[in-house]
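Enquirer: If you scroll down you'll find the structure; I have some questions about it.
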Amino acid sequence: MIPMIDLKKQFSEIKDEIFSVMTEILESTQYILGPKVLELEQKIARYHGMPEAIGVASGTDALHLAVKALGIGEGDEVITTPFTFFATAEAIVYTGATPVFVDVEPDTMNIDPAKIEEKITERTKAILPVHIFGHSADMDAICGIAQKHDLKIIEDCAQSFGAELRGKKTGSFGEAGCFSFYPSKNLGAFGDGGMVLLQDASVADDIRQLRNHGSKGAYRHERVGFNSRLDELQAGMLLVKFRRIDEYNEKRRKRAALYNEFLSDSVIRPVERPGARHVYHQYTLRSAKRDEIQKALRDNDIASVVYYPIPLHLQEAVSFLGYKKGDFPVAEEAAERVLSLPIYPELPEEAVKEIAAIINNV
Ligand SMILES: Cc1ncc(COP(=O)(O)O)c(C=O)c1O
């Protein structure tokens with residue numbers, strides 16, 4: 001069996017360090033907002049060249065708190081992509097704001113900047129691009145549009161830890177960068193976790209307050225907030241993996257390059273835009289024979305997943321937004337053709353060859 005990701009192998013390689021940091025934290029008894037959360041925040045902020053970082057309970061919370069702390073809510077619109085995980089839109093809806101979808105680029109499946117301006121109204125407050133599958137959206141164009149129309153940029157970097165465009169890391173282009181440490185992410189915890197990176201110290205303080213019941217400390221509550229703190233144990237274990245993140249991402253890139261080499265032109269392979277460093281959270285091909293390919297892989301005990309079979313504008317939960325089939329043809333076609341293959345730093349190179357051969361055969 002070849003799984004989508006093999007967390008067992010990764011864990012076995014770092015087991016001693018994980019147990020050692022867990023013991024240290026358990027013995028310290030500082031389980032909530034202790035020194036490991038602070039250390040991780042500082043290290044991840046520095047890694048991205050961003051002044052502020054706040055550890056929160058999940059990637060979804062990172063997005064929710066960023067949108068809210070940037071002053072976006074009831075009556076406001078946030079432009080985003082329909083080709084993403086549901087949490088991207090959920091986070092906008094939580095604040096009372098309305099997600100406004102824009103179709104994606106045919107080659108990258110990231111939000112298409114050429115279609116953003118026609119969706120801007122006087123209610124638009126922000127653009128929320130997702131760096132889907134670990135590949136940067138066209139941030140040059142998006143930043144240009146945001147500047148021209150005085151809009152904020154909130155990046156969904158749940159899948160793109162370490163990805164770059166022209167040497168600049170995703171999560172450092174806009175007002176806020178939102179990360180998920182869901183276990184299967186490139187930098188994955190051993191449970192839920194997330195982080196917001198910010199340019200502005202006062203917005204960062206707002207999020208620190210919001211994640212902790214609206215309190216700056218000492219049982220004074222200036223506002224109604226949430227319980228959304230990054231767990232100290234998760235932060236400690238994430239520090240162990242953070243030391244290896246560049247190596248992990250390089251290994252993903254190496255395996256993606258092998259897929260690119262071994263797969264024939266009969267499938268559409270992922271592209272890397274000029275100047276981009278794709279970190280291949282997913283290696284996602286497209287084919288009109290997607291279902292046949294998936295069946296052949298399944299028959300050979302090889303996992304594959306359709307991320308994502310239903311674009312967000314067609315999800316029942318947001319039917320109140322009033323979209324219909326045909327509104328975003330590029331995203332809809334992608335949903336019918338995409339297939340993500342096993343990719344992780346420990347994936348044996350031989351497995352890539354075997355998987356590619358089965359696909360080429362179909
Ligand atoms: C693009 C995207 N946005 C947001 C999230 C939400 O992150 P979390 O599961 O940590 O809440 C995820 C992943 O789960 C994601 O892939």
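In the structure tokens, the first chain shown is A, the next is B, and so on; residue numbers restart at 1 for each chain, and ligands run from 1 in the order shown.
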Neighbouring residues of Cys178 of chain A were defined as those with any atom within 8 Å, considering only C-alpha atoms; residues of the same chain fewer than 6 positions away were excluded. Please report them as a PDB file with C-alpha atoms, in the first residue's frame.
Expert:
```pdb
ATOM      1  CA  GLY A  59      -5.852  27.307  10.280  1.00  0.00           C
ATOM      2  CA  ALA A  62      -6.153  31.913  11.827  1.00  0.00           C
ATOM      3  CA  LEU A  63      -8.284  33.026   8.863  1.00  0.00           C
ATOM      4  CA  ALA A  66      -7.305  37.730  10.756  1.00  0.00           C
ATOM      5  CA  ILE A 154      -5.178  38.087   3.632  1.00  0.00           C
ATOM      6  CA  GLU A 155      -3.240  35.061   2.354  1.00  0.00           C
ATOM      7  CA  ASP A 156      -4.459  31.526   3.010  1.00  0.00           C
ATOM      8  CA  CYS A 157      -1.131  29.722   3.386  1.00  0.00           C
ATOM      9  CA  ALA A 158      -2.589  26.548   4.902  1.00  0.00           C
ATOM     10  CA  GLY A 171       2.311  34.823   3.920  1.00  0.00           C
ATOM     11  CA  GLY A 194      -2.525  27.428  13.244  1.00  0.00           C
ATOM     12  CA  MET A 195      -0.742  30.773  13.053  1.00  0.00           C
ATOM     13  CA  VAL A 196      -1.349  34.301  11.791  1.00  0.00           C
ATOM     14  CA  LEU A 197       1.522  36.452  10.542  1.00  0.00           C
TER      15      LEU A 197
END
```
Enquirer: Any residue with an atom at most 10 Å from ligand 1 counts, using only C-alpha atoms and all ligand atoms. Which are they? Put them as a ChimeraX atom specification.
Expert: /A:56-64,81,83-91,129-134,155-160,178-185,188-189,191-195,281,307
Enquirer: Skip segment 352-361 of chain A itself and residues of its chain fewer than 3 positions away, then list as number ranges by chain all residues within 10 Å of it, counting only C-alpha atoms.
Expert: A: 2, 255-267, 289-290, 292-294, 296-297, 300, 302-303, 341-343, 347-349
Enquirer: Set the distance at 10 Å and use only C-alpha atoms: which residues neighbour segment 269-277 of chain A once local chain neighbours fewer than 5 positions away are removed? I'd like the list as a ChimeraX atom specification.
Expert: /A:107-109,133-138,160,162-170,249-250,253,256,259-261,263-264,282-287
Enquirer: How would the residues just picked look written out with N, CA and C atoms as an mmCIF file, in the first residue's frame?
Expert:
```cif
data_model
loop_
_atom_site.group_PDB
_atom_site.id
_atom_site.type_symbol
_atom_site.label_atom_id
_atom_site.label_comp_id
_atom_site.auth_asym_id
_atom_site.auth_seq_id
_atom_site.Cartn_x
_atom_site.Cartn_y
_atom_site.Cartn_z
ATOM 1 N N ASP A 107 -4.111 27.176 -15.593
ATOM 2 C CA ASP A 107 -2.898 26.357 -15.416
ATOM 3 C C ASP A 107 -2.558 26.093 -13.952
ATOM 4 N N THR A 108 -2.792 27.056 -13.054
ATOM 5 C CA THR A 108 -2.383 26.873 -11.657
ATOM 6 C C THR A 108 -3.536 26.537 -10.714
ATOM 7 N N MET A 109 -4.747 26.821 -11.144
ATOM 8 C CA MET A 109 -5.942 26.661 -10.306
ATOM 9 C C MET A 109 -5.942 27.602 -9.094
ATOM 10 N N PHE A 133 -2.399 24.016 -3.167
ATOM 11 C CA PHE A 133 -1.494 22.863 -3.302
ATOM 12 C C PHE A 133 -0.027 23.194 -2.982
ATOM 13 N N GLY A 134 0.227 24.428 -2.483
ATOM 14 C CA GLY A 134 1.603 24.796 -2.132
ATOM 15 C C GLY A 134 2.283 25.663 -3.166
ATOM 16 N N HIS A 135 1.478 26.215 -4.104
ATOM 17 C CA HIS A 135 2.040 27.037 -5.183
ATOM 18 C C HIS A 135 1.482 28.448 -5.093
ATOM 19 N N SER A 136 2.371 29.433 -5.070
ATOM 20 C CA SER A 136 1.967 30.818 -4.876
ATOM 21 C C SER A 136 0.972 31.294 -5.930
ATOM 22 N N ALA A 137 -0.056 31.993 -5.458
ATOM 23 C CA ALA A 137 -0.935 32.718 -6.374
ATOM 24 C C ALA A 137 -0.118 33.842 -7.018
ATOM 25 N N ASP A 138 -0.681 34.503 -8.027
ATOM 26 C CA ASP A 138 0.038 35.564 -8.735
ATOM 27 C C ASP A 138 0.031 36.831 -7.866
ATOM 28 N N SER A 160 0.865 26.120 2.024
ATOM 29 C CA SER A 160 2.052 26.656 1.328
ATOM 30 C C SER A 160 3.200 27.058 2.251
ATOM 31 N N GLY A 162 6.517 27.716 3.440
ATOM 32 C CA GLY A 162 7.846 27.667 2.804
ATOM 33 C C GLY A 162 7.828 27.987 1.325
ATOM 34 N N ALA A 163 6.641 28.094 0.718
ATOM 35 C CA ALA A 163 6.569 28.421 -0.714
ATOM 36 C C ALA A 163 7.006 29.870 -0.928
ATOM 37 N N GLU A 164 7.533 30.146 -2.129
ATOM 38 C CA GLU A 164 8.051 31.488 -2.406
ATOM 39 C C GLU A 164 7.641 31.965 -3.790
ATOM 40 N N LEU A 165 7.680 33.278 -3.938
ATOM 41 C CA LEU A 165 7.586 33.902 -5.259
ATOM 42 C C LEU A 165 8.670 34.980 -5.290
ATOM 43 N N ARG A 166 9.556 34.871 -6.245
ATOM 44 C CA ARG A 166 10.717 35.766 -6.349
ATOM 45 C C ARG A 166 11.447 35.893 -5.014
ATOM 46 N N GLY A 167 11.656 34.789 -4.348
ATOM 47 C CA GLY A 167 12.431 34.765 -3.112
ATOM 48 C C GLY A 167 11.670 35.263 -1.897
ATOM 49 N N LYS A 168 10.410 35.663 -2.070
ATOM 50 C CA LYS A 168 9.609 36.158 -0.957
ATOM 51 C C LYS A 168 8.604 35.071 -0.561
ATOM 52 N N LYS A 169 8.507 34.839 0.741
ATOM 53 C CA LYS A 169 7.661 33.727 1.193
ATOM 54 C C LYS A 169 6.165 34.066 1.143
ATOM 55 N N THR A 170 5.359 33.082 0.774
ATOM 56 C CA THR A 170 3.911 33.281 0.864
ATOM 57 C C THR A 170 3.576 33.526 2.329
ATOM 58 N N ASN A 249 10.556 20.216 2.508
ATOM 59 C CA ASN A 249 10.015 20.809 1.274
ATOM 60 C C ASN A 249 10.892 20.472 0.066
ATOM 61 N N GLU A 250 12.222 20.464 0.269
ATOM 62 C CA GLU A 250 13.121 20.089 -0.832
ATOM 63 C C GLU A 250 12.829 18.672 -1.297
ATOM 64 N N ARG A 253 9.815 18.594 -3.374
ATOM 65 C CA ARG A 253 10.111 19.137 -4.700
ATOM 66 C C ARG A 253 10.829 18.108 -5.574
ATOM 67 N N ALA A 256 8.294 15.641 -6.754
ATOM 68 C CA ALA A 256 7.457 16.261 -7.792
ATOM 69 C C ALA A 256 8.211 16.298 -9.128
ATOM 70 N N TYR A 259 7.981 12.889 -10.614
ATOM 71 C CA TYR A 259 6.668 12.679 -11.249
ATOM 72 C C TYR A 259 6.650 13.387 -12.609
ATOM 73 N N ASN A 260 7.124 14.644 -12.623
ATOM 74 C CA ASN A 260 7.118 15.410 -13.879
ATOM 75 C C ASN A 260 7.913 14.691 -14.959
ATOM 76 N N GLU A 261 9.015 14.049 -14.539
ATOM 77 C CA GLU A 261 9.879 13.363 -15.494
ATOM 78 C C GLU A 261 9.219 12.068 -15.998
ATOM 79 N N LEU A 263 5.912 10.970 -15.712
ATOM 80 C CA LEU A 263 4.553 10.998 -16.270
ATOM 81 C C LEU A 263 4.602 11.452 -17.727
ATOM 82 N N SER A 264 3.784 10.837 -18.555
ATOM 83 C CA SER A 264 3.783 11.222 -19.967
ATOM 84 C C SER A 264 2.923 12.477 -20.177
ATOM 85 N N GLN A 282 0.419 19.230 -2.334
ATOM 86 C CA GLN A 282 -0.154 18.164 -3.153
ATOM 87 C C GLN A 282 0.528 18.182 -4.514
ATOM 88 N N TYR A 283 0.668 16.985 -5.079
ATOM 89 C CA TYR A 283 1.057 16.883 -6.488
ATOM 90 C C TYR A 283 -0.221 16.505 -7.219
ATOM 91 N N THR A 284 -0.776 17.470 -7.973
ATOM 92 C CA THR A 284 -2.113 17.313 -8.531
ATOM 93 C C THR A 284 -2.079 17.361 -10.049
ATOM 94 N N LEU A 285 -2.436 16.236 -10.671
ATOM 95 C CA LEU A 285 -2.491 16.223 -12.131
ATOM 96 C C LEU A 285 -3.931 16.442 -12.578
ATOM 97 N N ARG A 286 -4.106 16.662 -13.857
ATOM 98 C CA ARG A 286 -5.461 16.759 -14.409
ATOM 99 C C ARG A 286 -5.567 15.867 -15.639
ATOM 100 N N SER A 287 -6.711 15.181 -15.749
ATOM 101 C CA SER A 287 -6.942 14.302 -16.894
ATOM 102 C C SER A 287 -8.433 14.091 -17.060
#
```
Enquirer: Of the residues A:Ala331, A:Leu40, A:Met22, A:Ala69, which is the one nearest to Gly214 of chain A, using only C-alpha atoms?
Expert: A:Ala69
